[in-house]
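Note sheet for the following structure.
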Amino acid sequence: MSAMAGAPLAELRTGQVPDDQLLVRARGVTKRFGGLVAVNSVDFDIPRGAIVSLIGPNGAGKTTFFNMITGYYVPTRGEISFDGHPIVSMKGDKARSKKPHEVTALGIGRTFQNIRLFSTMSALDNVLVGQHVHLRSHWWDAVLRTPLLLAEEERATERAHALLEFLGLEARAHTWARNLPYGDQRRLEIARALATSPKLLLLDEPTAGMNASETREMTDLIRRLRAELGLTVLLIEHDMRVVMGISDRVTVLDYGEVLAEGSPAEVRANPRVIEAYLGRGAAEEG
Amino acid sequence: MDEQLLQTIVIGLSNGLIYALVALGYTLVYGIIELINFAHGDVFMLGSMLALTLLVYFGVTTGTDPLTAISLIVLVLAITMAVTATLNVSIERVAYRPLRHAPRLAPLISAIGMSFVLQNVGLLWKGPANIGFPDVIPNTNILTTVLGFDTNVAITYKHLFAAVVTIPLLIVLTWFVAKTKQGKAMRATAQDPDTAGLMGIDVNRTIAITFIIAGALAGAAGLVQVLYNNTTVWNLGFRFGLNAFTSAVLGGIGNLQGAVLGGIVLGLINAFSDRYLSTQWTNAIVFGVLIAILVFRPTGLLGQQLADRA
Amino acid sequence: MSSLIAPVEHGKTGGLPAWLAHLAASAANWPAAYRARVQASPRRTVLMSVLVVLVFAYPLLNRAVLQPFSRNVFPLPAPDDTTVVFMLIFATMAIGLNIVIGFAGLLDLGYVAFYALGAYTAAYLASPHWSGLSILLFSDLPAGFPGIHLPFFIIFWAAALVAAIFGALLGAPTLRLRGDYLAIVTLGFGEIVPVFFKNLVNVHFSFGPIQLVNANLTGGPLGINPIDPPQLFGIEFGVIHGFNAVYLGLAVVIMSIVIARNLERSRMGRAWMAIREDETAAEMMGVNTVRTKLLAFGLGASFAGFAGAMQASYQGATTSDFFMFATSILVVIMIILGGIGNIWGVILGAITVQYVDKTLLSWVGNRLKDTGVAIGSPQLGEINPSQFSFLLLGLALVLMMRFRPEGLLPSRQRAAELHAAPPDQALGSAAVMEIEEEVIEEAEPEDIDVTPEASDAGGGGAPPDPPGRTGGTS
């Protein structure tokens with residue numbers, strides 16, 4: 001259903017999407033590291049139910065932007081709201097950010113560019129850690145093994161198995177994360193992110209290091225995440241076939257600024273984008 | 001100024017110089033392999049025991065004529081530095097190098113184990129009691145006897161001795177790290193051992209040299225300890241080492257000038273606490289300072305932001 | 001399908017009655033569960049059962065058979081009751097410190113501070129120290145007897161509470177620090193606490209209504225004594241009833257095992273391990289890392305509180321000299337020797353270290369003396385092996401770190417981490433996977449060495465980042 005909603009929304013630019021259809025609304029987001037401006041006054045919208053890609057050359061500020069949405073970096077300036085909740089807000093001339101675990105609780109799940117699983121915990125335990133934020137048992141429940149804890153553990157384990165099943169990892173439930181094949185590790189990261197019950201899923205280069213058929217599978221999986229689980233997806237990706245194939249909208253960052261945004265076709269045709277990717281000469285020739 | 005205050009400052013400064021020598025060892029090693037070398041204080045302790053043994057062996061004692069005493073002290077200094085340098089680099093080879101790629105806490109625990117081993121070597125060697133050593137360097141006040149001031153503040157030959165041994169070593173070390181090729185290799189390895197290795201720097205050798213230097217400085221400090229404080233004991237390294245480590249942290253660990261500054265500041269803190277509070281609280285105060293710095297200003301006074309490589 | 005995304009529901013669970021009903025049900029179900037176990041893995045279950053029986057019979061056996069006969073007989077000397085009690089006290093501490101170091105990966109080098117706090121809390125609440133007061137509760141002492149005298153089951157928990165509070169107080173500002181800085185801060189704390197207990201003996205202090213003149217707050221270097229021996233159901237467990245005390249210690253250790261095991265298998269336990277593995281990733285997955293680490297610190301400290309209460313009540317005296325840096329390290333050594341992260345391992349470590357330190361070495365000394373007399377060279381008897389205990393322990397640490405960092409009875413996870421597998425292992429060969437799948441079900445300590453040891457060559461080249469490392473910015 002949301003795939004349908006995605007198409008017309010993709011026509012609208014940042015700032016034109018009605019607020020009630022927005023999941024993420026970022027305005028004037030800036031991040032400085034010392035003298036380096038990694039992200040400079042970026043406005044960015046993610047409509048509900050959309051698959052949005054963030055692309056750009058290395059060092060363009062994509063992951064930095066990711067890290068600000070998830071509360072890992074505190075922006076130098078700017079505002080970010082998620083589903084009506086402020087994640088980053090200005091207080092005086094300083095930006096204040098929610099903590100990563102608070103952001104996760106609001107409903108943002110993520111994966112990492114270099115896989116960061118809990119390597120000597122089983123796949124199942126990795127997914128259970130993902131559910132941590134929504135579990136209610138306290139340490140005294142654990143010490144006394146109260147009915148609350150037992151019921152919760154049972155449900156959480158069931159759900160963890162269901163998530164592993166969804167990603168085709170059920171057979172690997174008791175294998176250590178670090179002993180999984182690479183592709184499985186990528187999918188386990190997604191399972192763990194799904195376990196946090198996200199509304200928005202941030203995927204940082206999910207197909208990095210994958211061959212063509214694995215990449216196709218991953219692309220299908222991302223489509224399924226939206227179609228079957230109703231998720232909104234923000235993607236950082238270098239593989240242009242993936243980006244152009246599944247995105248409703250693409251935003252191009254370069255030197256920390258928004259260079260272009262629009263549908264995949266628009267972005268592909270944009271001479272400034274070609275220039276940024278291929279250099280000035282290529283743009284003039286083309 | 002109050003004479004008592006001045007005297008406390010003199011004591012603090014000269015104690016601080018000895019702390020600085022040992023602190024440099026901590027800071028050098030931490031700077032290069034991010035290890036708190038727990039055993040370093042105990043290398044210093046063994047250095048002091050060796051120096052004491054050699055001085056006794058050579059018959060240096062109160063009243064030995066100055067020229068003989070000085071030449072023998074220089075000889076003992078050289079031997080002690082050589083031995084502690086060898087000891088330190090051997091420890092690195094045996095206890096730390098095999099753990100270079102293990103989790104961070106593994107070499108730290110190994111260092112604690114090494115510290116216990118060395119302490120017990122000291123205990124077995126010299127027994128559990130404090131070992132005294134007679135005054136070789138006179139406690140004569142230079143200000144009154146030589147310079148003819150009329151004052152109760154004492155700057156003695158001993159204070160002078162602490163400065164004469166320590167300051168040149170500090171200068172040479174700073175020059176070495178800043179100017180020589182080997183120093184450059186050390187700084188590069190400290191920045192990023194992997195890249196340094198790729199750039200053709202022999203990382204193992206560079207780390208070994210760092211331990212050699214650190215060990216030599218600890219040996220020198222050991223000799224100064226014996227001649228200046230006239231005593232040593234098997235568990236000296238633990239207390240003194242923690243003071244020295246605190247100095248290194250105080251100045252900003254990994255920062256050479258910081259270690260010297262930190263040593264001096266800590267020497268002053270110790271002296272003031274001993275003088276105006278009570279010696280029994282001095283340790284608590286030192287640790288209080290250590291905790292406060294780590295919590296509120298982990299980069300130390302001269303702060304060097306160490307990138308968190310996690 | 002979107003139920004996959006929704007968090008699990010939290011139904012009503014009925015509170016205390018439901019819990020009691022649940023306990024009753026599991027108790028009633030126990031024989032059936034035991035039979036099922038026997039059928040599932042007969043050898044293991046029988047072995048465990050025998051072990052449990054042996055543990056409970058041991059104090060009897062020790063007193064009736066081992067102590068009278070083995071004192072001078074090969075193969076090994078039997079420990080006396082006090083040594084056994086201290087084995088159990090240290091086992092309690094090892095279990096607690098293992099939560100901090102083994103589960104959560106926080107190196108605490110000042111654990112002795114919490115031991116001291118527990119001991120002094122017990123001392124304050126069950127001794128004539130506050131002689132101006134007379135507070136008696138469930139006590140046989142005559143009315144008006146000076147001091148506070150509370151029953152053991154209260155001071156035991158009070159000691160744990162005080163230790164946990166101080167754990168949280170120390171942890172709150174310091175748990176943001178990196179691992180080795182945390183180690184130093186805790187070490188400092190461990191050194192300061194005994195200094196306070198030693199020196200707060202004639203305190204002059206006035207602040208508003210608080211007026212202290214020559215107040216003896218801690219008993220100074222002499223410490224506090226006499227402390228009431230533990231008494232439960234009319235049975236005494238003090239040092240003159242060492243045999244009883246062994247059973248009290250056993251009960252405390254069993255309780256500690258249950259608590260630690262239950263924590264390990266809960267969401268807290270998983271969060272601790274996640275933090276140990278990759279703190280940033282844990283935080284990004286919704287774990288409040290500061291709070292979770294604080295919990296590990298506080299709960300871990302409370303076990304030292306138990307141990308402190310045991311020490312003070314059992315021995316009837318406590319002084320600051322008990323609580324040296326060496327004691328902190330002793331517990332760390334026990335954990336590492338036994339097997340960091342594994343509750344059974346750390347208990348084994350505690351027992352082994354205590355045994356070697358307190359019984360075996362002095363026994364070896366006596367044997368040397370005998371042998372010296374027998375062969376006519378009495379100077380052999382002048383060697384005192386007890387002097388070597390810290391030398392041996394230090395050597396053990398160095399050697400263990402190098403050759404068997406996972407300890408005698410390791411936890412599978414820690415073994416894998418400590419052997420620092422080359423990062424490309426992350427891609428995992430099929431062979432490794434198969435083995436690991438078996439290992440994960442059946443805990444057999446020897447299955448660990450699947451991962452080759454890290455290469456010794458330091459400068460060989462740049463090892464690629466292991467999977468757990470940060471990606472930085474794009």
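Starting from 1 in every chain, residues are counted up; chains themselves are A, B, ... following the order of the structure tokens, and ligands are numbered from 1 as listed.
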
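Counting only C-alpha atoms, every residue of chain B that comes within 7 Å of chain C is listed here: Ala95, Pro98, Leu99, Arg100, His101, Ala102, Pro103, Ala106, Ile109, Ser110, Gly113, Met114, Phe116, Val117, Asn120, Asp194, Thr195, Gly197, Leu198, Asp202, Val203, Asn204, Ala284, Phe287, Ile291, Val295 and Ala310 of chain B.
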
Output of the above residues as a short mmCIF file (atom, residue, chain, number, x, y, z; two decimals), in the first residue's frame, restricted to C-alpha atoms:
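Final output, again-v6.cif:
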data_model
loop_
_atom_site.label_atom_id
_atom_site.label_comp_id
_atom_site.auth_asym_id
_atom_site.auth_seq_id
_atom_site.Cartn_x
_atom_site.Cartn_y
_atom_site.Cartn_z
CA ALA B 95 54.77 -9.67 28.60
CA PRO B 98 52.80 -11.05 22.35
CA LEU B 99 49.59 -9.26 23.31
CA ARG B 100 49.89 -6.43 20.82
CA HIS B 101 46.72 -7.45 18.99
CA ALA B 102 44.81 -8.78 21.97
CA PRO B 103 42.01 -6.75 23.53
CA ALA B 106 45.00 -8.03 28.17
CA ILE B 109 46.46 -7.21 33.17
CA SER B 110 49.78 -8.63 32.06
CA GLY B 113 51.07 -9.33 36.86
CA MET B 114 54.54 -8.13 35.93
CA PHE B 116 53.65 -8.16 41.23
CA VAL B 117 56.51 -10.26 39.96
CA ASN B 120 58.41 -9.83 44.84
CA ASP B 194 49.73 0.40 11.31
CA THR B 195 50.40 3.25 8.94
CA GLY B 197 54.54 0.16 9.71
CA LEU B 198 53.43 0.57 6.13
CA ASP B 202 60.12 -0.85 12.19
CA VAL B 203 57.32 -0.68 14.74
CA ASN B 204 58.69 -3.37 17.03
CA ALA B 284 44.16 10.10 49.45
CA PHE B 287 44.27 9.84 44.27
CA ILE B 291 40.21 10.90 39.89
CA VAL B 295 36.69 12.75 35.35
CA ALA B 310 37.47 2.39 19.73
#

What's around segment 124-139 of chain C at 10 Å? Count only C-alpha atoms, leave out sequence neighbours fewer than 3 positions away in its own chain, and write the answer as a PyMOL selection string. chain C and resi 118-121+142-152+154-156+158-159+216-219+223-231+312-313+316-317

Keeping C-alpha atoms, export the residues of the selection given above as a PDB file, in the first residue's frame.
ATOM      1  CA  GLY C 118      30.457  -3.872  53.358  1.00  0.00           C
ATOM      2  CA  ALA C 119      32.654  -4.915  56.267  1.00  0.00           C
ATOM      3  CA  TYR C 120      32.503  -1.546  58.002  1.00  0.00           C
ATOM      4  CA  THR C 121      28.751  -1.315  57.469  1.00  0.00           C
ATOM      5  CA  PRO C 142      20.829  -6.963  77.922  1.00  0.00           C
ATOM      6  CA  ALA C 143      18.851  -3.755  77.399  1.00  0.00           C
ATOM      7  CA  GLY C 144      21.057  -0.683  77.442  1.00  0.00           C
ATOM      8  CA  PHE C 145      24.061  -2.548  76.072  1.00  0.00           C
ATOM      9  CA  PRO C 146      26.204   0.004  74.247  1.00  0.00           C
ATOM     10  CA  GLY C 147      26.308   0.109  70.457  1.00  0.00           C
ATOM     11  CA  ILE C 148      24.075  -0.867  67.603  1.00  0.00           C
ATOM     12  CA  HIS C 149      23.282  -4.554  67.431  1.00  0.00           C
ATOM     13  CA  LEU C 150      21.134  -5.544  64.491  1.00  0.00           C
ATOM     14  CA  PRO C 151      20.582  -9.125  63.368  1.00  0.00           C
ATOM     15  CA  PHE C 152      22.709 -10.598  60.623  1.00  0.00           C
ATOM     16  CA  ILE C 154      19.564  -7.112  58.196  1.00  0.00           C
ATOM     17  CA  ILE C 155      23.224  -6.106  58.212  1.00  0.00           C
ATOM     18  CA  PHE C 156      23.933  -8.534  55.391  1.00  0.00           C
ATOM     19  CA  ALA C 158      22.508  -3.295  54.494  1.00  0.00           C
ATOM     20  CA  ALA C 159      26.137  -3.994  53.638  1.00  0.00           C
ATOM     21  CA  ASN C 216      36.235   8.211  66.547  1.00  0.00           C
ATOM     22  CA  LEU C 217      34.391   7.387  63.335  1.00  0.00           C
ATOM     23  CA  THR C 218      36.211   4.245  62.236  1.00  0.00           C
ATOM     24  CA  GLY C 219      38.279   2.824  65.042  1.00  0.00           C
ATOM     25  CA  GLY C 223      39.566  -1.138  63.280  1.00  0.00           C
ATOM     26  CA  ILE C 224      36.335  -2.199  64.922  1.00  0.00           C
ATOM     27  CA  ASN C 225      35.838  -5.106  67.254  1.00  0.00           C
ATOM     28  CA  PRO C 226      34.186  -7.081  68.659  1.00  0.00           C
ATOM     29  CA  ILE C 227      31.564  -7.504  65.980  1.00  0.00           C
ATOM     30  CA  ASP C 228      28.605  -9.736  66.731  1.00  0.00           C
ATOM     31  CA  PRO C 229      28.875 -13.125  65.045  1.00  0.00           C
ATOM     32  CA  PRO C 230      26.153 -13.962  62.523  1.00  0.00           C
ATOM     33  CA  GLN C 231      23.187 -15.582  64.144  1.00  0.00           C
ATOM     34  CA  ALA C 312      33.381  -8.751  59.556  1.00  0.00           C
ATOM     35  CA  SER C 313      30.752 -10.907  61.206  1.00  0.00           C
ATOM     36  CA  GLY C 316      34.365 -10.510  64.702  1.00  0.00           C
ATOM     37  CA  ALA C 317      36.795  -7.761  63.766  1.00  0.00           C
TER      38      ALA C 317
END

Could you give me, as a ChimeraX atom specification, each residue of segment 27-248 of chain B that DSSP assigns to alpha helix (DSSP H) when run on this structure's backbone? /B:27-33,40-57,66-91,105-126,142-145,157-179,181-191,193-198,203-229,236-248

For Val76 of chain B: contacts at 12 Å, only C-alpha atoms, fewer than 2 positions along chain excluded, given as a PyMOL selection string: chain B and resi 47-60+69-74+78-84+219-220+222-224+226-227

Pro206 of chain A: which residues within 10 Å, counting only C-alpha atoms, same-chain residues fewer than 6 positions away excluded, as a list in words? Thr111, Phe112, Gln113, Asn114, Ile115, Gly183, Arg186, Arg187, Glu189, Ile190, Thr215, Met218, Thr219, Ile222, Leu235, Ile236, Glu237, His238, Asp239 and Val242 of chain A

Write the selection just made, keeping N, CA and C atoms, as a PDB file, in the first residue's frame?
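Output file result02.pdb is given in full below:
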ATOM      1  N   THR A 111      21.542   0.242  10.354  1.00  0.00           N
ATOM      2  CA  THR A 111      22.645  -0.688  10.181  1.00  0.00           C
ATOM      3  C   THR A 111      23.907   0.134   9.976  1.00  0.00           C
ATOM      4  N   PHE A 112      25.038  -0.550   9.927  1.00  0.00           N
ATOM      5  CA  PHE A 112      26.309   0.161   9.855  1.00  0.00           C
ATOM      6  C   PHE A 112      27.046  -0.149   8.555  1.00  0.00           C
ATOM      7  N   GLN A 113      27.829   0.831   8.157  1.00  0.00           N
ATOM      8  CA  GLN A 113      28.615   0.689   6.934  1.00  0.00           C
ATOM      9  C   GLN A 113      29.558  -0.512   7.031  1.00  0.00           C
ATOM     10  N   ASN A 114      30.352  -0.568   8.118  1.00  0.00           N
ATOM     11  CA  ASN A 114      31.096  -1.799   8.389  1.00  0.00           C
ATOM     12  C   ASN A 114      30.288  -2.509   9.442  1.00  0.00           C
ATOM     13  N   ILE A 115      29.976  -3.738   9.178  1.00  0.00           N
ATOM     14  CA  ILE A 115      29.067  -4.471  10.048  1.00  0.00           C
ATOM     15  C   ILE A 115      29.510  -4.378  11.502  1.00  0.00           C
ATOM     16  N   GLY A 183      26.964 -12.218   3.806  1.00  0.00           N
ATOM     17  CA  GLY A 183      25.609 -11.800   3.442  1.00  0.00           C
ATOM     18  C   GLY A 183      24.645 -11.983   4.606  1.00  0.00           C
ATOM     19  N   ARG A 186      25.021  -9.176   7.059  1.00  0.00           N
ATOM     20  CA  ARG A 186      24.293  -7.975   6.644  1.00  0.00           C
ATOM     21  C   ARG A 186      22.812  -8.103   6.986  1.00  0.00           C
ATOM     22  N   ARG A 187      22.262  -9.283   6.721  1.00  0.00           N
ATOM     23  CA  ARG A 187      20.834  -9.445   6.993  1.00  0.00           C
ATOM     24  C   ARG A 187      20.553  -9.511   8.486  1.00  0.00           C
ATOM     25  N   GLU A 189      22.118  -7.830  10.674  1.00  0.00           N
ATOM     26  CA  GLU A 189      22.086  -6.432  11.118  1.00  0.00           C
ATOM     27  C   GLU A 189      20.708  -5.827  10.881  1.00  0.00           C
ATOM     28  N   ILE A 190      20.110  -6.174   9.744  1.00  0.00           N
ATOM     29  CA  ILE A 190      18.768  -5.654   9.458  1.00  0.00           C
ATOM     30  C   ILE A 190      17.767  -6.258  10.444  1.00  0.00           C
ATOM     31  N   THR A 215      23.284  -8.662  -4.311  1.00  0.00           N
ATOM     32  CA  THR A 215      22.759  -7.306  -4.366  1.00  0.00           C
ATOM     33  C   THR A 215      21.285  -7.319  -4.762  1.00  0.00           C
ATOM     34  N   MET A 218      19.232  -8.319  -1.853  1.00  0.00           N
ATOM     35  CA  MET A 218      19.135  -7.235  -0.877  1.00  0.00           C
ATOM     36  C   MET A 218      18.124  -6.190  -1.344  1.00  0.00           C
ATOM     37  N   THR A 219      18.160  -5.882  -2.640  1.00  0.00           N
ATOM     38  CA  THR A 219      17.214  -4.908  -3.188  1.00  0.00           C
ATOM     39  C   THR A 219      15.781  -5.390  -2.980  1.00  0.00           C
ATOM     40  N   ILE A 222      14.767  -4.976   0.594  1.00  0.00           N
ATOM     41  CA  ILE A 222      14.421  -3.602   0.980  1.00  0.00           C
ATOM     42  C   ILE A 222      13.002  -3.276   0.517  1.00  0.00           C
ATOM     43  N   LEU A 235      18.420   5.337   2.711  1.00  0.00           N
ATOM     44  CA  LEU A 235      19.484   4.473   2.219  1.00  0.00           C
ATOM     45  C   LEU A 235      20.706   5.319   1.870  1.00  0.00           C
ATOM     46  N   ILE A 236      21.872   4.860   2.315  1.00  0.00           N
ATOM     47  CA  ILE A 236      23.107   5.404   1.744  1.00  0.00           C
ATOM     48  C   ILE A 236      23.639   4.307   0.849  1.00  0.00           C
ATOM     49  N   GLU A 237      23.938   4.621  -0.373  1.00  0.00           N
ATOM     50  CA  GLU A 237      24.335   3.544  -1.269  1.00  0.00           C
ATOM     51  C   GLU A 237      25.248   4.102  -2.355  1.00  0.00           C
ATOM     52  N   HIS A 238      26.231   3.280  -2.722  1.00  0.00           N
ATOM     53  CA  HIS A 238      27.116   3.686  -3.815  1.00  0.00           C
ATOM     54  C   HIS A 238      26.728   3.014  -5.120  1.00  0.00           C
ATOM     55  N   ASP A 239      26.052   1.872  -5.012  1.00  0.00           N
ATOM     56  CA  ASP A 239      25.701   1.136  -6.217  1.00  0.00           C
ATOM     57  C   ASP A 239      24.514   1.821  -6.888  1.00  0.00           C
ATOM     58  N   VAL A 242      21.251  -0.020  -7.653  1.00  0.00           N
ATOM     59  CA  VAL A 242      20.367  -0.186  -6.495  1.00  0.00           C
ATOM     60  C   VAL A 242      19.596   1.104  -6.265  1.00  0.00           C
TER      61      VAL A 242
END

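Going from atom CA of Glu277 of chain C over to atom CA of Pro181 of chain A, you cover 19.0 Å.
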
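For segment 135-139 of chain A, the residues within 10 Å (counting only C-alpha atoms, excluding itself and residues fewer than 5 positions away along the chain) are A:Leu128, A:Val129, A:Gly130, A:Leu144, A:Arg145, A:Thr146, A:Pro147, A:Leu148, A:Leu149, A:Leu150, A:Ala151, A:Glu152, A:Glu153, A:Ala156, C:Pro7, C:Val8, C:Glu9, C:His10, C:Ile259, C:Asn262, C:Leu263, C:Ser266, C:Arg267, C:Met268, C:Gly269, C:Leu295, C:Leu299.
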
Skipping near chain neighbours, those fewer than 3 positions away, what residues fall within 6 Å of segment 85-98 of chain A using only C-alpha atoms, listed as an MDAnalysis selection string? chainID A and resid 71 74 76:77 79:82

Using only C-alpha atoms, which of the listed residues (B:Ile137, B:Val265, B:Leu217, B:Ala154) sits closest to Thr64 of chain B? B:Ile137

Contact residues around Leu248 of chain C with only C-alpha atoms at 12 Å, ignoring same-chain residues under 3 positions, as a PyMOL selection string: chain C and resi 56+59+81+84-86+88-89+152-153+156+229-232+235-239+241-245+251-255+306-307+309-311+313-314

Would you mind exporting the chosen residues as a compact mmCIF listing (two decimals), in the first residue's frame, restricted to C-alpha atoms?
# COMPACT_ATOMS: atom_id res chain seq x y z
CA PHE C 56 27.12 -30.09 50.54
CA PRO C 59 32.38 -29.43 55.09
CA ASP C 81 37.42 -24.09 58.23
CA VAL C 84 37.15 -22.62 53.46
CA VAL C 85 35.04 -19.70 54.69
CA PHE C 86 37.40 -17.30 52.98
CA LEU C 88 33.57 -18.80 49.86
CA ILE C 89 33.86 -15.12 50.72
CA PHE C 152 22.71 -10.60 60.62
CA PHE C 153 19.95 -10.88 58.04
CA PHE C 156 23.93 -8.53 55.39
CA PRO C 229 28.87 -13.13 65.04
CA PRO C 230 26.15 -13.96 62.52
CA GLN C 231 23.19 -15.58 64.14
CA LEU C 232 20.23 -17.09 62.32
CA ILE C 235 22.50 -20.84 65.37
CA GLU C 236 25.82 -19.02 65.52
CA PHE C 237 28.09 -18.76 62.53
CA GLY C 238 31.09 -16.93 63.96
CA VAL C 239 34.72 -17.89 63.90
CA HIS C 241 31.71 -22.05 64.97
CA GLY C 242 33.73 -22.33 61.80
CA PHE C 243 31.91 -25.43 60.72
CA ASN C 244 28.54 -23.66 60.75
CA ALA C 245 30.09 -20.69 59.01
CA ALA C 251 24.43 -20.51 51.20
CA VAL C 252 25.73 -17.05 50.32
CA VAL C 253 27.69 -18.38 47.37
CA ILE C 254 24.71 -20.37 46.08
CA MET C 255 22.52 -17.31 46.35
CA PHE C 306 27.87 -9.48 51.04
CA ALA C 307 31.45 -10.60 51.27
CA ALA C 309 29.48 -8.47 55.92
CA MET C 310 30.60 -12.09 56.01
CA GLN C 311 34.20 -11.16 56.74
CA SER C 313 30.75 -10.91 61.21
CA TYR C 314 32.67 -14.12 60.83

Could you pull out all residues of segment 63-277 of chain B with a DSSP call of strand (DSSP E) and give them as a PyMOL selection string? chain B and resi 131-132+231-232

Next, the residues of the selection above should be written as a short mmCIF file (atom, residue, chain, number, x, y, z; two decimals), in the first residue's frame with N, CA and C atoms.
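As a result, result00.cif now contains:
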data_model
loop_
_atom_site.label_atom_id
_atom_site.label_comp_id
_atom_site.auth_asym_id
_atom_site.auth_seq_id
_atom_site.Cartn_x
_atom_site.Cartn_y
_atom_site.Cartn_z
N ILE B 131 65.16 -0.05 53.44
CA ILE B 131 66.62 -0.10 53.46
C ILE B 131 67.12 1.33 53.42
N GLY B 132 67.92 1.68 54.39
CA GLY B 132 68.43 3.04 54.42
C GLY B 132 69.77 3.15 53.71
N THR B 231 66.51 6.12 50.94
CA THR B 231 65.80 4.90 51.33
C THR B 231 65.14 4.26 50.12
N THR B 232 64.91 2.97 50.25
CA THR B 232 64.10 2.29 49.25
C THR B 232 63.48 1.07 49.92
#
